[in-house]
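Dropping run11.txt in here (compact mmCIF, C-alpha atoms):
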```txt
# COMPACT_ATOMS: atom_id res chain seq x y z
CA MET I 1 -69.10 -38.75 -0.06
CA PRO I 2 -68.02 -41.42 2.45
CA PRO I 3 -69.39 -40.98 5.97
CA HIS I 4 -67.23 -39.28 8.53
CA VAL I 5 -66.08 -41.16 11.61
CA ASP I 6 -68.29 -38.95 13.76
CA ASP I 7 -71.30 -39.89 11.64
CA LEU I 8 -70.52 -43.57 12.09
CA ARG I 9 -70.27 -43.18 15.85
CA GLN I 10 -73.57 -41.30 15.86
CA LEU I 11 -75.31 -44.11 13.97
CA LEU I 12 -73.80 -46.75 16.24
CA GLY I 13 -74.86 -44.79 19.29
CA ASP I 14 -78.45 -44.59 18.03
CA LEU I 15 -78.40 -48.40 17.76
CA ASN I 16 -76.85 -48.84 21.23
CA LEU I 17 -73.78 -50.45 19.69
CA ASP I 18 -70.12 -50.11 20.64
CA GLN I 19 -68.66 -46.81 19.31
CA ARG I 20 -65.00 -47.57 19.98
CA GLY I 21 -62.43 -48.25 17.28
CA HIS I 22 -61.11 -46.85 14.03
CA LYS I 23 -63.27 -45.80 11.07
CA ARG I 24 -62.89 -49.13 9.25
CA GLU I 25 -63.88 -51.09 12.37
CA LEU I 26 -66.88 -48.81 12.97
CA ALA I 27 -68.08 -49.22 9.38
CA ARG I 28 -67.70 -53.00 9.60
CA ARG I 29 -69.71 -53.09 12.86
CA LEU I 30 -72.49 -51.06 11.29
CA ARG I 31 -72.54 -53.24 8.15
CA LEU I 32 -72.80 -56.49 10.15
CA HIS I 33 -75.69 -55.05 12.14
CA SER I 34 -77.53 -54.10 8.95
CA GLN I 35 -77.03 -57.60 7.50
CA ASN I 36 -78.30 -59.29 10.65
CA ALA I 37 -81.32 -56.98 10.82
CA ALA I 38 -82.25 -57.80 7.23
CA ARG I 39 -82.00 -61.54 7.83
CA PRO I 40 -85.40 -63.10 8.70
CA GLU I 41 -85.61 -64.39 12.23
CA SER I 42 -85.42 -68.17 12.25
CA PRO I 43 -88.22 -69.86 14.17
CA PRO I 44 -87.23 -71.72 17.34
CA PRO I 45 -86.52 -75.42 16.78
CA PRO I 46 -89.55 -77.62 17.41
CA GLU I 47 -89.72 -79.58 20.64
CA THR I 48 -88.75 -83.18 20.04
CA ARG I 49 -88.47 -84.52 23.58
CA PRO I 50 -89.75 -83.75 27.08
CA PRO I 51 -87.72 -81.70 29.55
CA GLY I 52 -85.14 -83.77 31.39
CA GLN I 53 -84.65 -86.26 28.57
CA ASP I 54 -81.47 -86.03 26.46
CA PHE I 55 -82.37 -88.20 23.45
CA ASP I 56 -84.97 -87.81 20.72
CA ALA I 57 -85.01 -91.38 19.40
CA PHE I 58 -84.22 -94.86 20.67
CA LEU I 59 -83.28 -97.90 18.58
CA VAL I 60 -84.20 -101.07 20.46
CA ILE I 61 -82.45 -104.16 19.12
CA ASP I 62 -82.22 -107.81 20.15
CA VAL I 63 -80.32 -109.88 17.59
CA GLU I 64 -80.31 -113.65 17.29
CA ALA I 65 -77.16 -115.58 16.43
CA THR I 66 -75.98 -119.06 15.54
CA CYS I 67 -75.39 -121.33 18.50
CA GLU I 68 -74.57 -124.90 19.47
CA ARG I 69 -75.75 -126.94 22.44
CA ILE I 70 -72.73 -126.87 24.75
CA GLU I 71 -73.06 -128.94 27.89
CA GLY I 72 -70.94 -130.62 30.53
CA LEU I 73 -67.24 -129.77 30.57
CA HIS I 74 -67.64 -127.67 27.42
CA SER I 75 -70.31 -125.39 28.88
CA LYS I 76 -67.74 -122.85 30.04
CA LEU I 77 -66.95 -122.18 26.37
CA ALA I 78 -70.52 -121.29 25.46
CA PHE I 79 -69.91 -117.53 25.46
CA SER I 80 -66.69 -117.95 23.49
CA TYR I 81 -68.42 -119.62 20.54
CA PRO I 82 -68.06 -117.74 17.20
CA ASN I 83 -71.73 -116.76 17.02
CA GLU I 84 -72.89 -115.22 13.74
CA ILE I 85 -75.82 -112.80 13.67
CA ILE I 86 -78.76 -114.36 11.79
CA GLU I 87 -81.58 -111.94 12.67
CA TRP I 88 -81.46 -108.12 12.77
CA PRO I 89 -84.68 -106.67 14.28
CA VAL I 90 -84.96 -103.00 15.31
CA VAL I 91 -87.84 -100.98 16.80
CA LEU I 92 -87.59 -97.18 16.58
CA LEU I 93 -89.17 -95.25 19.47
CA THR I 94 -89.66 -91.47 19.44
CA TRP I 95 -91.33 -88.96 21.73
CA THR I 96 -94.81 -87.65 20.97
CA LYS I 97 -97.07 -85.36 22.92
CA LYS I 98 -99.87 -87.25 24.55
CA VAL I 99 -103.23 -87.02 22.81
CA THR I 100 -106.43 -87.50 24.80
CA ALA I 101 -108.91 -89.78 23.06
CA PRO I 102 -112.39 -88.36 22.41
CA VAL I 103 -115.10 -89.11 24.96
CA LEU I 104 -117.90 -91.29 23.60
CA ASP I 105 -121.53 -90.84 24.54
CA THR I 106 -123.94 -93.70 25.23
CA ALA I 107 -124.52 -94.15 21.50
CA GLY I 108 -120.80 -94.52 20.85
CA ASP I 109 -120.42 -91.16 19.11
CA PRO I 110 -117.73 -88.68 20.16
CA THR I 111 -119.11 -85.86 22.28
CA GLY I 112 -116.30 -83.50 21.32
CA ALA I 113 -115.43 -82.75 24.93
CA HIS I 114 -111.91 -84.14 24.56
CA ALA I 115 -111.64 -84.79 20.83
CA ASP I 116 -108.01 -84.83 19.68
CA VAL I 117 -106.73 -82.83 22.64
CA VAL I 118 -102.92 -82.55 22.69
CA ASP I 119 -101.36 -82.15 26.13
CA ASP I 120 -98.28 -79.95 25.77
CA ASP I 121 -96.96 -81.03 29.18
CA GLU I 122 -97.23 -84.81 28.81
CA TRP I 123 -95.03 -86.86 26.50
CA GLU I 124 -94.90 -90.56 25.74
CA LEU I 125 -92.63 -92.88 23.80
CA THR I 126 -94.33 -94.45 20.80
CA VAL I 127 -93.29 -96.91 18.11
CA LYS I 128 -92.49 -94.98 14.95
CA ASP I 129 -91.09 -97.72 12.73
CA GLU I 130 -89.61 -101.22 12.63
CA TYR I 131 -86.88 -102.90 10.63
CA HIS I 132 -86.31 -106.62 10.24
CA SER I 133 -84.00 -108.83 8.26
CA PHE I 134 -82.66 -112.34 8.48
CA VAL I 135 -78.91 -112.64 7.92
CA LYS I 136 -77.03 -115.37 6.08
CA PRO I 137 -74.13 -116.75 8.16
CA SER I 138 -70.82 -117.16 6.35
CA TRP I 139 -68.45 -119.12 8.59
CA SER I 140 -70.94 -121.83 9.60
CA PRO I 141 -73.82 -121.49 7.11
CA GLN I 142 -75.69 -124.59 8.32
CA LEU I 143 -77.87 -123.89 11.36
CA SER I 144 -77.75 -126.47 14.13
CA PRO I 145 -81.00 -128.16 15.24
CA PHE I 146 -80.50 -126.56 18.65
CA CYS I 147 -80.34 -123.08 17.07
CA THR I 148 -83.59 -123.61 15.17
CA GLU I 149 -85.27 -125.04 18.25
CA LEU I 150 -84.18 -122.07 20.37
CA THR I 151 -84.83 -119.17 17.98
CA GLY I 152 -87.42 -120.56 15.59
CA ILE I 153 -85.23 -119.52 12.65
CA THR I 154 -85.04 -122.16 9.95
CA GLN I 155 -82.43 -122.91 7.32
CA ALA I 156 -84.81 -121.60 4.67
CA ASP I 157 -85.00 -118.23 6.45
CA VAL I 158 -81.27 -117.61 6.17
CA GLU I 159 -80.50 -119.48 2.97
CA ASN I 160 -81.46 -116.61 0.64
CA ALA I 161 -81.02 -113.80 3.16
CA PRO I 162 -78.47 -111.01 2.64
CA THR I 163 -75.06 -111.17 4.29
CA TYR I 164 -74.18 -109.22 7.42
CA SER I 165 -72.43 -106.49 5.41
CA GLN I 166 -75.40 -106.17 3.07
CA VAL I 167 -77.83 -105.86 5.98
CA LEU I 168 -75.78 -103.06 7.57
CA ASP I 169 -75.65 -101.14 4.28
CA HIS I 170 -79.38 -101.58 3.70
CA PHE I 171 -80.29 -100.65 7.25
CA TYR I 172 -78.20 -97.49 7.10
CA SER I 173 -79.48 -96.29 3.73
CA THR I 174 -83.17 -97.16 4.15
CA PHE I 175 -83.69 -96.65 7.88
CA ILE I 176 -81.09 -94.46 9.58
CA LEU I 177 -80.87 -91.88 6.80
CA ARG I 178 -84.64 -91.88 6.21
CA HIS I 179 -85.34 -91.09 9.87
CA ASN I 180 -82.42 -88.65 10.17
CA LEU I 181 -80.99 -90.61 13.10
CA PHE I 182 -77.66 -89.95 14.84
CA THR I 183 -77.68 -86.27 13.87
CA LYS I 184 -77.59 -83.02 15.84
CA THR I 185 -81.34 -82.59 15.39
CA THR I 186 -82.20 -86.21 16.26
CA ARG I 187 -80.06 -87.47 19.10
CA THR I 188 -80.28 -91.25 19.02
CA ALA I 189 -79.37 -94.00 21.48
CA TRP I 190 -79.21 -97.77 21.06
CA VAL I 191 -81.08 -99.89 23.63
CA THR I 192 -80.34 -103.58 24.23
CA ASP I 193 -81.37 -106.20 26.77
CA GLY I 194 -77.92 -106.59 28.30
CA PRO I 195 -74.51 -105.84 26.76
CA TRP I 196 -74.12 -108.93 24.58
CA ASP I 197 -75.81 -107.82 21.35
CA LEU I 198 -73.72 -104.74 20.57
CA ARG I 199 -70.62 -105.58 22.60
CA ASP I 200 -70.08 -109.27 21.76
CA PHE I 201 -72.13 -110.30 18.71
CA VAL I 202 -71.22 -107.22 16.66
CA ALA I 203 -67.54 -107.67 17.61
CA LYS I 204 -67.62 -111.30 16.46
CA ALA I 205 -69.44 -110.33 13.25
CA ALA I 206 -66.84 -107.64 12.57
CA HIS I 207 -64.07 -110.27 12.62
CA ILE I 208 -65.87 -113.08 10.84
CA ASN I 209 -67.11 -110.82 8.02
CA GLN I 210 -64.07 -108.52 8.01
CA GLN I 211 -66.56 -105.67 8.37
CA PRO I 212 -65.39 -102.98 10.84
CA ARG I 213 -68.02 -101.65 13.21
CA PRO I 214 -69.61 -98.52 11.65
CA ALA I 215 -69.59 -95.31 13.66
CA TRP I 216 -73.37 -95.39 14.16
CA LEU I 217 -73.02 -98.78 15.93
CA ALA I 218 -70.48 -97.45 18.41
CA GLY I 219 -70.54 -95.07 21.35
CA ARG I 220 -72.82 -94.71 24.34
CA MET I 221 -75.80 -97.07 24.65
CA ILE I 222 -78.54 -98.00 27.12
CA ASP I 223 -78.37 -101.40 28.77
CA LEU I 224 -82.03 -102.07 29.61
CA ARG I 225 -81.11 -104.42 32.45
CA LEU I 226 -78.96 -101.79 34.14
CA LEU I 227 -81.68 -99.19 33.63
CA THR I 228 -84.34 -101.48 35.13
CA SER I 229 -82.11 -102.44 38.05
CA GLY I 230 -81.45 -98.77 38.79
CA PHE I 231 -85.18 -97.97 38.71
CA PHE I 232 -86.13 -100.66 41.23
CA GLY I 233 -83.07 -99.81 43.31
CA SER I 234 -84.22 -96.19 43.58
CA LEU I 235 -87.68 -97.35 44.70
CA LYS I 236 -86.09 -99.49 47.41
CA ALA I 237 -83.96 -96.54 48.56
CA LEU I 238 -87.05 -94.31 48.77
CA ARG I 239 -88.93 -96.88 50.82
CA THR I 240 -85.97 -97.24 53.20
CA ARG I 241 -85.73 -93.47 53.57
CA GLU I 242 -89.45 -93.20 54.27
CA ARG I 243 -89.32 -95.85 56.98
CA SER I 244 -86.41 -94.07 58.63
CA VAL I 245 -88.19 -90.67 58.80
CA SER I 246 -91.78 -91.79 59.44
CA PRO I 247 -92.86 -91.72 63.14
CA PRO I 248 -94.19 -95.00 64.57
CA ALA I 249 -97.94 -95.52 64.32
CA SER I 250 -98.27 -95.72 68.15
CA ASP I 251 -96.66 -92.31 68.69
CA PRO I 252 -99.07 -90.17 70.74
CA GLY I 253 -98.00 -87.21 68.65
CA LEU I 254 -99.95 -88.69 65.76
CA SER I 255 -103.24 -87.93 67.54
CA SER I 256 -104.54 -84.58 66.37
CA SER I 257 -107.28 -84.50 69.07
CA PRO I 258 -107.89 -86.11 72.46
CA GLY I 259 -110.39 -88.51 70.93
CA ALA I 260 -108.23 -89.59 68.01
CA ALA I 261 -107.73 -93.34 67.61
CA THR I 262 -104.31 -94.96 67.99
CA SER I 263 -102.93 -98.19 66.62
CA SER I 264 -103.80 -99.91 69.91
CA ASP I 265 -107.53 -99.30 69.38
CA SER I 266 -108.27 -102.68 67.85
CA SER I 267 -111.99 -102.01 67.91
CA LEU I 268 -111.67 -99.21 65.37
CA PRO I 269 -110.94 -99.68 61.67
CA SER I 270 -107.38 -98.96 60.67
CA THR I 271 -106.76 -95.69 58.89
CA PRO I 272 -105.64 -95.90 55.28
CA ARG I 273 -101.96 -95.46 54.49
CA GLN I 274 -100.99 -91.86 53.82
CA PRO I 275 -99.53 -90.98 50.40
CA THR I 276 -95.76 -91.31 50.22
CA LEU I 277 -92.94 -90.00 48.09
CA LEU I 278 -93.31 -93.09 45.96
CA ASP I 279 -96.83 -92.13 44.95
CA LEU I 280 -95.56 -90.23 41.94
CA PRO I 281 -98.12 -88.86 39.46
CA HIS I 282 -98.39 -92.02 37.39
CA SER I 283 -102.00 -92.97 37.99
CA GLN I 284 -103.06 -91.96 34.50
CA SER I 285 -103.88 -94.59 31.92
CA LEU I 286 -101.13 -96.50 30.19
CA PRO I 287 -99.94 -95.05 26.90
CA THR I 288 -100.99 -96.80 23.76
CA LEU I 289 -98.67 -99.77 23.52
CA PRO I 290 -98.33 -102.06 20.52
CA SER I 291 -99.95 -105.46 20.80
CA PHE I 292 -98.02 -108.21 19.12
CA PRO I 293 -99.21 -111.54 17.71
CA SER I 294 -98.79 -114.75 19.61
CA SER I 295 -95.96 -117.12 18.82
CA ALA I 296 -98.22 -119.18 16.60
CA SER I 297 -99.15 -116.22 14.40
CA LEU I 298 -95.93 -114.20 14.52
CA PRO I 299 -95.31 -113.04 10.95
CA ARG I 300 -92.14 -114.10 9.18
CA PRO I 301 -90.91 -110.94 7.45
CA SER I 302 -89.07 -110.96 4.16
CA PRO I 303 -85.25 -111.04 4.34
CA LEU I 304 -85.07 -107.23 4.16
CA SER I 305 -88.10 -105.30 5.32
CA THR I 306 -89.29 -102.28 7.20
CA ALA I 307 -92.67 -102.23 8.88
CA SER I 308 -94.69 -99.32 10.16
CA SER I 309 -96.16 -99.47 13.63
CA LYS I 310 -99.45 -97.98 12.45
CA SER I 311 -100.85 -101.45 11.78
CA LEU I 312 -100.33 -102.54 15.36
CA SER I 313 -103.41 -102.68 17.54
CA ALA I 314 -103.47 -101.12 20.99
CA LEU I 315 -103.75 -102.76 24.37
CA PRO I 316 -106.87 -101.82 26.33
CA SER I 317 -106.34 -98.90 28.68
CA ARG I 318 -106.27 -99.58 32.41
CA THR I 319 -104.99 -98.05 35.61
CA PRO I 320 -101.52 -99.42 36.40
CA LYS I 321 -100.02 -99.93 39.81
CA SER I 322 -98.26 -96.98 41.38
CA ASN I 323 -94.51 -97.14 41.88
CA ASP I 324 -95.10 -97.82 45.57
CA ALA I 325 -96.95 -101.03 44.73
CA LEU I 326 -94.32 -102.48 42.40
CA THR I 327 -92.13 -105.41 43.39
CA ALA I 328 -88.63 -105.85 42.01
CA PRO I 329 -88.25 -108.80 39.61
CA SER I 330 -86.50 -111.94 40.82
CA GLN I 331 -84.39 -111.84 37.66
CA LEU I 332 -83.87 -109.29 34.89
CA SER I 333 -85.20 -111.39 32.01
CA LEU I 334 -87.79 -109.77 29.75
CA PRO I 335 -90.78 -111.85 31.04
CA SER I 336 -89.90 -111.12 34.69
CA VAL I 337 -89.44 -107.38 34.16
CA LEU I 338 -92.71 -107.09 32.23
CA LEU I 339 -94.66 -108.63 35.12
CA SER I 340 -92.83 -106.54 37.73
CA LEU I 341 -93.78 -103.37 35.85
CA ASP I 342 -97.44 -104.48 35.87
CA LEU I 343 -97.47 -104.95 32.09
CA ALA I 344 -99.08 -107.72 30.08
CA PRO I 345 -96.98 -110.91 29.93
CA PHE I 346 -94.36 -111.51 27.24
CA GLU I 347 -96.02 -111.55 23.84
CA GLY I 348 -94.73 -113.73 21.02
CA ARG I 349 -92.08 -116.42 20.94
CA LEU I 350 -89.27 -116.07 23.47
CA HIS I 351 -85.86 -115.90 21.72
CA SER I 352 -87.43 -114.71 18.50
CA GLY I 353 -85.42 -111.59 17.74
CA LEU I 354 -88.44 -109.58 16.61
CA ALA I 355 -90.59 -110.61 19.58
CA ASP I 356 -87.77 -109.97 22.08
CA THR I 357 -87.15 -106.53 20.57
CA ARG I 358 -90.82 -105.55 20.71
CA ASN I 359 -91.15 -106.61 24.34
CA ALA I 360 -87.95 -104.78 25.28
CA ALA I 361 -89.45 -101.68 23.63
CA ARG I 362 -92.56 -102.06 25.82
CA ILE I 363 -90.36 -102.02 28.92
CA LEU I 364 -88.56 -98.86 27.80
CA VAL I 365 -91.90 -97.15 27.08
CA GLU I 366 -93.14 -98.02 30.57
CA LEU I 367 -89.97 -96.88 32.32
CA ALA I 368 -90.23 -93.54 30.50
CA ARG I 369 -93.89 -93.24 31.50
CA ARG I 370 -92.89 -93.76 35.13
CA GLY I 371 -90.49 -90.83 34.93
CA VAL I 372 -87.17 -92.62 34.40
CA GLN I 373 -84.52 -90.52 32.67
CA LEU I 374 -83.31 -92.60 29.73
CA LEU I 375 -79.55 -92.07 29.86
CA PRO I 376 -76.75 -94.24 28.42
CA ASN I 377 -75.03 -96.52 30.93
CA ARG I 378 -72.55 -98.40 28.71
CA THR I 379 -70.12 -97.72 25.88
CA VAL I 380 -69.35 -99.98 22.92
CA PRO I 381 -66.76 -101.11 22.15
CA GLU I 382 -65.73 -101.32 25.80
CA GLY I 383 -62.02 -101.63 25.05
CA GLY I 384 -59.85 -98.56 25.38
CA ARG I 385 -59.37 -96.43 22.24
CA GLY I 386 -62.27 -98.18 20.54
CA ARG I 387 -60.72 -101.66 20.64
CA GLU I 388 -63.18 -104.48 20.06
CA LYS I 389 -63.53 -107.36 22.47
CA SER I 390 -61.55 -110.32 21.18
CA TRP I 391 -61.43 -114.08 21.59
CA ALA I 392 -58.50 -116.46 21.15
CA TRP I 393 -60.06 -118.07 18.06
CA MET I 394 -59.72 -114.79 16.16
CA GLY I 395 -56.68 -115.29 13.94
CA ARG I 396 -54.52 -112.43 12.78
CA ASP I 397 -55.19 -113.67 9.26
CA GLY I 398 -58.87 -112.79 9.72
CA GLN I 399 -59.90 -116.45 9.93
CA VAL I 400 -61.80 -118.35 12.63
CA HIS I 401 -59.64 -120.98 14.36
CA TRP I 402 -62.31 -122.58 16.51
CA ASP I 403 -60.99 -126.16 16.33
CA GLU I 404 -57.53 -124.99 17.33
CA PHE I 405 -59.08 -122.96 20.14
CA LEU I 406 -60.79 -126.08 21.51
CA HIS I 407 -57.57 -128.09 21.39
CA SER I 408 -55.67 -125.34 23.14
CA HIS I 409 -58.13 -125.70 26.02
CA GLY I 410 -57.69 -129.49 26.14
CA PHE I 411 -60.94 -130.46 24.40
CA ASP I 412 -61.22 -133.05 21.65
CA VAL I 413 -63.33 -131.93 18.71
CA THR I 414 -64.41 -135.53 18.07
CA SER I 415 -66.05 -135.63 21.50
CA TRP I 416 -67.51 -132.17 20.93
CA GLY I 417 -69.66 -133.40 18.07
CA ARG I 418 -70.05 -131.64 14.75
CA SER I 419 -67.10 -129.47 13.86
CA PRO I 420 -68.30 -126.01 12.76
CA ARG I 421 -67.25 -126.71 9.18
CA GLY I 422 -67.87 -130.45 9.37
CA THR I 423 -64.14 -131.17 8.94
CA PRO I 424 -62.13 -133.85 10.75
CA ALA I 425 -60.57 -132.91 14.06
CA PRO I 426 -57.22 -131.11 13.89
CA VAL I 427 -54.21 -133.09 15.07
CA PRO I 428 -51.79 -131.22 17.36
CA ILE I 429 -48.10 -131.20 16.54
CA VAL I 430 -46.10 -132.69 19.40
CA ASP I 431 -43.40 -130.41 20.75
CA PRO I 432 -40.20 -132.53 20.88
CA ALA I 433 -38.82 -130.38 23.66
CA PHE I 434 -41.69 -131.20 25.99
CA GLY I 435 -42.88 -134.56 24.62
CA SER I 436 -46.50 -133.35 24.60
CA PRO I 437 -48.71 -130.97 22.65
CA ARG I 438 -48.09 -127.35 23.50
CA ASN I 439 -51.09 -125.81 25.26
CA SER I 440 -50.42 -122.13 24.60
CA HIS I 441 -52.73 -121.06 21.80
CA ALA I 442 -50.29 -118.35 20.76
CA ARG I 443 -47.47 -120.88 20.19
CA VAL I 444 -49.25 -123.99 18.86
CA ALA I 445 -49.41 -124.93 15.20
CA TYR I 446 -51.77 -127.63 13.96
CA THR I 447 -52.09 -129.75 10.86
CA ARG I 448 -55.39 -131.19 9.70
CA ALA I 449 -55.95 -134.92 9.04
CA TRP I 450 -57.65 -134.74 5.65
```
As C-alpha cells, what does this structure read like?
Amino acid sequence: MPPHVDDLRQLLGDLNLDQRGHKRELARRLRLHSQNAARPESPPPPETRPPGQDFDAFLVIDVEATCERIEGLHSKLAFSYPNEIIEWPVVLLTWTKKVTAPVLDTAGDPTGAHADVVDDDEWELTVKDEYHSFVKPSWSPQLSPFCTELTGITQADVENAPTYSQVLDHFYSTFILRHNLFTKTTRTAWVTDGPWDLRDFVAKAAHINQQPRPAWLAGRMIDLRLLTSGFFGSLKALRTRERSVSPPASDPGLSSSPGAATSSDSSLPSTPRQPTLLDLPHSQSLPTLPSFPSSASLPRPSPLSTASSKSLSALPSRTPKSNDALTAPSQLSLPSVLLSLDLAPFEGRLHSGLADTRNAARILVELARRGVQLLPNRTVPEGGRGREKSWAWMGRDGQVHWDEFLHSHGFDVTSWGRSPRGTPAPVPIVDPAFGSPRNSHARVAYTRAW
C-alpha cells in the first residue's frame, strides 16, 4: 500500500526536511535524501598549493629563435624580423610541502630527530619535470653565423629536428596530458622572461607555419620581469612608509629611562637597528634549488626529450639576505635579478634556451619563497578578441614577404646582406602616376629579378 501524504510528512519531519508540497513532491524529496545518504562521502580534495596562491603548476619557458645581425640604419627593424622558434625548453614547477632534512650526528649518521619531517604549514616550489626540443625552421632553414654565435645552436641541431607543429603536438601529448595541466584540478600558468616569447615568437610561428595558437598557449600568463619589478617596488614602498612613521633617533621620547643613551652620545656604541616590517619571516634556509652544469658541460638533449629533475644536484643550504637587505637590480635581465635576490650567479650559457629557462625558474622559486603571490600580469594574445600581433611582412596568402617589407621601408636588400632565402633583391615597380616607387606596403607590387 503506497504511503499516505501524512506518513511522508512525518518521515520528512523526522529528518528535519521541508514538509511542504504535494504528495509527489514529498516522495521525490524523500527519495533524493535516501540516495544521497547511501552515497559514500567523497574525501576532500588534496591540498595542491599553499593558501593565498591561485595556481598549482607553472610552466617556465624561454624559447630561442632565428635571428640576423641587424645594425646601423636597419637596427630599428630588429624586432620586426620573421624569427622562427628553434628551441622549445620548458621547466615545470609545482608546490610541495617542505620536508626537513634529517639531523646528522658527528659520525654522519641520522639521529632521527628530524628525519623526513613534513611541515604542513610551509610550501615550496620545486622542479617536477623538464621538456626540451630543438625545432627545424621552415622559412629560413639555414641558421646565420650570428644566430649560432648568440644561442649556441648549430645547424646540425636543427637539421633533423621536428617542425614547430610536430613539437607542439608532441609537447601536448607527452607533457601536458601526462601532468594533467590546464585542468580544473591543476590550474596552470605560463611564466616567461618578458612578453616576447609567447606574445611575439608564437604569433610569428603561427603565421609562418600556418599553425594557429592552441588554447593551452593562450590566456593569462606571468611576465617574470613585471613580477620582479613589482616585488622590489613593494619593498621600496615599505621602506618609504617606515621612514615616514619612524621617529627621529634624537627624539628624547626614545629614551625609556633618564640614563638612556641618545644618538648624540658618541662615546657609547650605537644600538642595533630594530626589526622592521620588511623583516618578514624568510630567514630559513633556501629551498633545494636545482644546480645546472656550466656552459662548457651543458648537455645537448635529443630533438624531442623530457628530463626529470630528480637527477639535478642541490645547491648548498645557506642563510639568505632578508627582504630589508635586498637591493633592486639595475636592469631586469636574468643575471641581474639573480644577484639582486641573493642567489648564485647565472648558471650555464646565456641565451641558451634551456639554461635561460632553468635560471628563470630559480627566480620564480625564490620569489615564491619570499612570499610573493604568483598571479598573472599579462594576457596572450594581447589583441582584442584573441587577435594575434601582426607585422607588415605577413601576407594574406600566408607567405612571408620580408624583402618587400624592407623595400617598403626604403631599405635595399643588397645592402642588407644575405636575403632570407638567398634570392636576388626584389625590384620595385615604378608607379607612372608618381614617377617613383610607391612606398605604401599595402599598395606596392614587386617583381623579382631572377
Worksheet item: So which one's closest to Phe58 (chain I), I:Leu375, I:Ile153, I:Ala161, I:Leu92? Using all atoms listed in the file, please.
Response: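 Smallest distance to Phe58 (chain I) is found for I:Leu92.
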Practice prompt. Between CA of Arg220 (chain I) and CA of Ile85 (chain I), measure the distance and give it in Å to one decimal.
Written response: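 About the pair CA of Arg220 (chain I) and CA of Ile85 (chain I): they are 21.2 Å apart.
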Worksheet item: Distance CA of Pro195 (chain I)-CA of Glu382 (chain I), one decimal place?
Response: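 Taking CA of Pro195 (chain I) as the start and CA of Glu382 (chain I) as the end point, the length is 9.9 Å.
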For Glu388 (chain I), find every residue with an atom within 6 Å (counting only C-alpha atoms), except residues of its own chain fewer than 5 positions away, and show them as a PDB file with C-alpha atoms, in the coordinates of the input.
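This went into selection10.pdb:
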```pdb
ATOM      1  CA  ALA I 203     -67.540-107.670  17.610  1.00  0.00           C
ATOM      2  CA  PRO I 381     -66.760-101.110  22.150  1.00  0.00           C
ATOM      3  CA  GLY I 383     -62.020-101.630  25.050  1.00  0.00           C
TER       4      GLY I 383
END
```
Fill in: Sel. within 10 Å of pt (-77.8, -109.4, 24.7), counting all atoms listed in the file, output as an MDAnalysis selection string
chainID I and resid 61:64 192:201 223:225
Discussion item. Residues within 6 Å of (-79.0, -120.3, 19.5), file coordinates, counting all atoms listed in the file: what are they? Give the list as a PyMOL selection string.
Written reply: chain I and resi 65-67+147+150
What are the centre and edge lengths in Å, to one decimal, of the axis-aligned box around all listed atoms of region 61-65 of chain I with 6 Å added on each side, as JSON?
```
{"center_x": -79.8, "center_y": -109.9, "center_z": 18.3, "size_x": 17.3, "size_y": 23.4, "size_z": 15.7}
```
Worksheet item: Just how far from CA of Ala189 (chain I) is CA of Leu59 (chain I), in Å to one decimal?
Response: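 Here the two named atoms are 6.2 Å from each other.
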Expected file for region 171-180 of chain I keeping N, CA, C and O atoms, as a PDB file, in the first residue's frame:
```pdb
ATOM      1  N   PHE I 171      54.642  17.910 -27.450  1.00  0.00           N
ATOM      2  CA  PHE I 171      54.641  18.510 -26.117  1.00  0.00           C
ATOM      3  C   PHE I 171      53.284  18.344 -25.449  1.00  0.00           C
ATOM      4  O   PHE I 171      53.197  18.040 -24.248  1.00  0.00           O
ATOM      5  N   TYR I 172      52.222  18.525 -26.210  1.00  0.00           N
ATOM      6  CA  TYR I 172      50.880  18.398 -25.638  1.00  0.00           C
ATOM      7  C   TYR I 172      50.587  16.959 -25.208  1.00  0.00           C
ATOM      8  O   TYR I 172      50.094  16.712 -24.106  1.00  0.00           O
ATOM      9  N   SER I 173      50.914  16.008 -26.081  1.00  0.00           N
ATOM     10  CA  SER I 173      50.538  14.619 -25.801  1.00  0.00           C
ATOM     11  C   SER I 173      51.430  13.959 -24.753  1.00  0.00           C
ATOM     12  O   SER I 173      50.957  13.117 -23.978  1.00  0.00           O
ATOM     13  N   THR I 174      52.709  14.336 -24.693  1.00  0.00           N
ATOM     14  CA  THR I 174      53.625  13.650 -23.778  1.00  0.00           C
ATOM     15  C   THR I 174      53.923  14.426 -22.501  1.00  0.00           C
ATOM     16  O   THR I 174      54.484  13.874 -21.561  1.00  0.00           O
ATOM     17  N   PHE I 175      53.533  15.695 -22.458  1.00  0.00           N
ATOM     18  CA  PHE I 175      53.878  16.508 -21.290  1.00  0.00           C
ATOM     19  C   PHE I 175      52.634  17.093 -20.619  1.00  0.00           C
ATOM     20  O   PHE I 175      52.388  16.858 -19.434  1.00  0.00           O
ATOM     21  N   ILE I 176      51.849  17.834 -21.370  1.00  0.00           N
ATOM     22  CA  ILE I 176      50.671  18.479 -20.772  1.00  0.00           C
ATOM     23  C   ILE I 176      49.659  17.446 -20.304  1.00  0.00           C
ATOM     24  O   ILE I 176      49.167  17.499 -19.170  1.00  0.00           O
ATOM     25  N   LEU I 177      49.335  16.489 -21.153  1.00  0.00           N
ATOM     26  CA  LEU I 177      48.357  15.471 -20.767  1.00  0.00           C
ATOM     27  C   LEU I 177      48.893  14.581 -19.651  1.00  0.00           C
ATOM     28  O   LEU I 177      48.155  14.205 -18.737  1.00  0.00           O
ATOM     29  N   ARG I 178      50.177  14.252 -19.714  1.00  0.00           N
ATOM     30  CA  ARG I 178      50.755  13.363 -18.685  1.00  0.00           C
ATOM     31  C   ARG I 178      50.727  14.003 -17.312  1.00  0.00           C
ATOM     32  O   ARG I 178      50.525  13.313 -16.301  1.00  0.00           O
ATOM     33  N   HIS I 179      50.917  15.316 -17.238  1.00  0.00           N
ATOM     34  CA  HIS I 179      50.908  16.005 -15.944  1.00  0.00           C
ATOM     35  C   HIS I 179      49.547  16.625 -15.614  1.00  0.00           C
ATOM     36  O   HIS I 179      49.447  17.349 -14.619  1.00  0.00           O
ATOM     37  N   ASN I 180      48.554  16.359 -16.446  1.00  0.00           N
ATOM     38  CA  ASN I 180      47.194  16.834 -16.182  1.00  0.00           C
ATOM     39  C   ASN I 180      47.148  18.357 -16.023  1.00  0.00           C
ATOM     40  O   ASN I 180      46.454  18.890 -15.155  1.00  0.00           O
TER      41      ASN I 180
END
```
